[in-house]
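> Once you've had a glance at the structure underneath, I'll fire off some questions.
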Amino acid sequence: MPELRFVDASAEEHFVAMSAIHCRGWRATYPGYVPDDYLREVVTEERWVPFFREDYATNLCNGLLLYENDMPVACCNYGPIRTGPSPRQSAELVIDSSAYPGWGEVISLYTEPARTGLGHGSVLLEEVLRRLRETGYPGCALFVLRENLGARRFYERHGFTWDGTCQQVPFPHGMVCRDLRYVKSLSC
């Protein structure tokens, strides 16, 4: 029987594992929605390591890994809701979260593509929601690509609903993706 355990991302090996999971998740999920050259040239296994390292050093957001035995199989970044410019994604991306003061956010959640459908994402998401609730956040928001119907159904099964926000996310070559904001109250 596999053993599942949570590991708070706090060391270089965690940041490397999370970045690799993000890369494989993007490459499995977003072809046709994100420019192919962006997926090939920018979305690398090392892409997010400096961001995760900085987030940990500055306590900007938290990283959490789910391990199955000794293998990381899913990861999540979460913390206070983002608002304002988001230069890590795009200089033109500005997020308006004024309707959700004091809320938390699931910034990213990825499962190893070969391990999807086994419940790892659900286990990880429920743990993150528990942590956000215990920290005192009244609710949680997240963004999901409009065309990612599987992820939208996943979040809906966990009690999230679309709040009507469609956030435009600019990419190179004039391509714009549309992310939908999903929200969930964390009140008991």
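Quick note on naming: the chains in the structure tokens go A, B, ... in the order shown, residues restart at 1 in each chain, and ligands are numbered from 1 in order of appearance.
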List as a PDB file with C-alpha atoms, in the first residue's frame the protein and nucleic acid residues near Phe15 in chain A, meaning an atom at most 12 Å away when only C-alpha atoms are counted, but skip any in the same chain fewer than 5 places from it.

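Below you can see around28.pdb, which holds the result:
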ATOM      1  CA  VAL A   7       6.246  17.923   2.680  1.00  0.00           C
ATOM      2  CA  ASP A   8       6.453  21.690   3.082  1.00  0.00           C
ATOM      3  CA  ALA A   9       8.727  23.041   0.357  1.00  0.00           C
ATOM      4  CA  SER A  10      11.747  24.421   2.174  1.00  0.00           C
ATOM      5  CA  ALA A  20       9.609  19.713 -12.754  1.00  0.00           C
ATOM      6  CA  ILE A  21       6.012  18.783 -11.880  1.00  0.00           C
ATOM      7  CA  HIS A  22       4.856  22.215 -13.076  1.00  0.00           C
ATOM      8  CA  GLU A  45      11.942  21.780 -15.716  1.00  0.00           C
ATOM      9  CA  GLU A  46      14.052  24.510 -14.047  1.00  0.00           C
ATOM     10  CA  ARG A  47      11.756  27.452 -14.901  1.00  0.00           C
ATOM     11  CA  TRP A  48      10.058  27.909 -11.524  1.00  0.00           C
ATOM     12  CA  VAL A  49      12.968  26.992  -9.195  1.00  0.00           C
ATOM     13  CA  PRO A  50      14.057  30.638  -8.599  1.00  0.00           C
ATOM     14  CA  PHE A  51      10.449  31.680  -7.967  1.00  0.00           C
ATOM     15  CA  PHE A  52       9.863  28.915  -5.421  1.00  0.00           C
ATOM     16  CA  ARG A  53      13.180  29.693  -3.758  1.00  0.00           C
ATOM     17  CA  GLU A  54      12.266  33.399  -3.529  1.00  0.00           C
ATOM     18  CA  ASP A  55       8.743  32.637  -2.279  1.00  0.00           C
ATOM     19  CA  TYR A  56      10.191  30.529   0.516  1.00  0.00           C
ATOM     20  CA  ALA A  57      12.894  33.076   1.413  1.00  0.00           C
ATOM     21  CA  ASN A  62       3.842  28.433   0.618  1.00  0.00           C
ATOM     22  CA  GLY A  63       4.745  25.361  -1.376  1.00  0.00           C
ATOM     23  CA  LEU A  64       3.416  21.946  -0.455  1.00  0.00           C
ATOM     24  CA  LEU A  65       4.382  18.639  -2.020  1.00  0.00           C
ATOM     25  CA  PRO A  72       6.798  13.633  -5.309  1.00  0.00           C
ATOM     26  CA  CYS A  75       2.475  20.104  -5.618  1.00  0.00           C
ATOM     27  CA  CYS A  76       0.614  23.266  -4.733  1.00  0.00           C
ATOM     28  CA  ASN A  77       1.529  26.897  -4.130  1.00  0.00           C
TER      29      ASN A  77
END
> Could the residues of range 28-136 of chain A that have an atom at most 9 Å from range 141-158 of chain A be listed as JSON lines, each with its closest atom pair and the distance in Å to one decimal, counting only C-alpha atoms and ordered by chain and ascending residue number?

{"residue": "A:Thr29", "atom": "CA", "partner": "A:Asn148", "partner_atom": "CA", "distance": 7.7}
{"residue": "A:Tyr30", "atom": "CA", "partner": "A:Asn148", "partner_atom": "CA", "distance": 8.2}
{"residue": "A:Tyr33", "atom": "CA", "partner": "A:Glu147", "partner_atom": "CA", "distance": 7.8}
{"residue": "A:Ile81", "atom": "CA", "partner": "A:Ala141", "partner_atom": "CA", "distance": 7.1}
{"residue": "A:Tyr100", "atom": "CA", "partner": "A:Ala141", "partner_atom": "CA", "distance": 8.3}
{"residue": "A:Trp103", "atom": "CA", "partner": "A:Ala141", "partner_atom": "CA", "distance": 7.3}
{"residue": "A:Gly104", "atom": "CA", "partner": "A:Ala141", "partner_atom": "CA", "distance": 6.4}
{"residue": "A:Glu105", "atom": "CA", "partner": "A:Ala141", "partner_atom": "CA", "distance": 4.7}
{"residue": "A:Val106", "atom": "CA", "partner": "A:Leu142", "partner_atom": "CA", "distance": 5.2}
{"residue": "A:Ile107", "atom": "CA", "partner": "A:Leu142", "partner_atom": "CA", "distance": 6.2}
{"residue": "A:Ser108", "atom": "CA", "partner": "A:Leu142", "partner_atom": "CA", "distance": 7.9}
{"residue": "A:Gly121", "atom": "CA", "partner": "A:Phe154", "partner_atom": "CA", "distance": 8.8}
{"residue": "A:Ser122", "atom": "CA", "partner": "A:His158", "partner_atom": "CA", "distance": 8.0}
{"residue": "A:Leu125", "atom": "CA", "partner": "A:His158", "partner_atom": "CA", "distance": 8.5}
{"residue": "A:Glu126", "atom": "CA", "partner": "A:His158", "partner_atom": "CA", "distance": 8.2}
> Using only C-alpha atoms, which of the listed residues (A:Leu66, A:Val73, A:Cys61, A:Cys166) sits closest to Glu127 in chain A?
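Comparing A:Leu66, A:Val73, A:Cys61, A:Cys166 against Glu127 in chain A, the winner is A:Leu66.
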> From range 125-157 of chain A, collect each residue whose DSSP state is alpha helix (DSSP H) and return the set as a list in words.
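Answer for range 125-157 of chain A restricted to alpha helix (DSSP H) is Leu125, Glu126, Glu127, Val128, Leu129, Arg130, Arg131, Leu132, Arg133, Glu134, Thr135, Leu149, Gly150, Ala151, Arg152, Arg153, Phe154, Tyr155, Glu156 and Arg157 of chain A.
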> Emit the selected residues as a short mmCIF file (atom, residue, chain, number, x, y, z; two decimals), in the first residue's frame, including C-alpha atoms.

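The resulting selection29.cif:
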data_model
loop_
_atom_site.label_atom_id
_atom_site.label_comp_id
_atom_site.auth_asym_id
_atom_site.auth_seq_id
_atom_site.Cartn_x
_atom_site.Cartn_y
_atom_site.Cartn_z
CA LEU A 125 -6.16 20.43 -2.37
CA GLU A 126 -8.09 19.42 0.73
CA GLU A 127 -4.93 19.74 2.85
CA VAL A 128 -4.22 23.21 1.45
CA LEU A 129 -7.82 24.31 2.08
CA ARG A 130 -7.55 23.00 5.65
CA ARG A 131 -4.35 24.99 6.17
CA LEU A 132 -5.85 28.17 4.71
CA ARG A 133 -8.93 27.78 6.93
CA GLU A 134 -6.79 27.21 10.04
CA THR A 135 -4.72 30.29 9.19
CA LEU A 149 -12.65 21.54 -18.53
CA GLY A 150 -11.12 18.72 -16.49
CA ALA A 151 -9.61 21.15 -13.98
CA ARG A 152 -12.82 23.16 -13.84
CA ARG A 153 -14.81 20.01 -13.00
CA PHE A 154 -12.17 19.04 -10.42
CA TYR A 155 -12.50 22.37 -8.58
CA GLU A 156 -16.29 22.30 -8.84
CA ARG A 157 -16.29 18.86 -7.17
#
> Applying 6 Å and only C-alpha atoms, which residues near Gly139 in chain A remain after dropping the ones on its own chain fewer than 2 positions away? List them as a list in words.
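Counting only C-alpha atoms, the residues come to Trp103, Tyr137, Lys184, Ser185 and Leu186 of chain A.
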> Restricted to N, CA and C atoms, what would the selected residues look like written as a short mmCIF file (atom, residue, chain, number, x, y, z; two decimals), in the first residue's frame?

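Once written, again01.cif looks like this:
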data_model
loop_
_atom_site.label_atom_id
_atom_site.label_comp_id
_atom_site.auth_asym_id
_atom_site.auth_seq_id
_atom_site.Cartn_x
_atom_site.Cartn_y
_atom_site.Cartn_z
N TRP A 103 -8.61 37.15 1.63
CA TRP A 103 -8.78 35.76 1.20
C TRP A 103 -7.43 35.11 0.91
N TYR A 137 -8.07 32.45 6.83
CA TYR A 137 -8.60 33.00 5.59
C TYR A 137 -10.09 32.66 5.49
N LYS A 184 -14.32 29.86 -3.24
CA LYS A 184 -14.97 28.98 -2.27
C LYS A 184 -14.85 29.62 -0.89
N SER A 185 -15.96 29.68 -0.17
CA SER A 185 -15.92 30.14 1.22
C SER A 185 -15.27 29.05 2.07
N LEU A 186 -14.48 29.48 3.02
CA LEU A 186 -13.84 28.52 3.95
C LEU A 186 -14.50 28.55 5.32
#
> So which residues touch Arg5 in chain A within 8 Å, counting only C-alpha atoms, skipping near sequence neighbours fewer than 4 positions away, as a VMD selection string?
chain A and resid 66 to 69
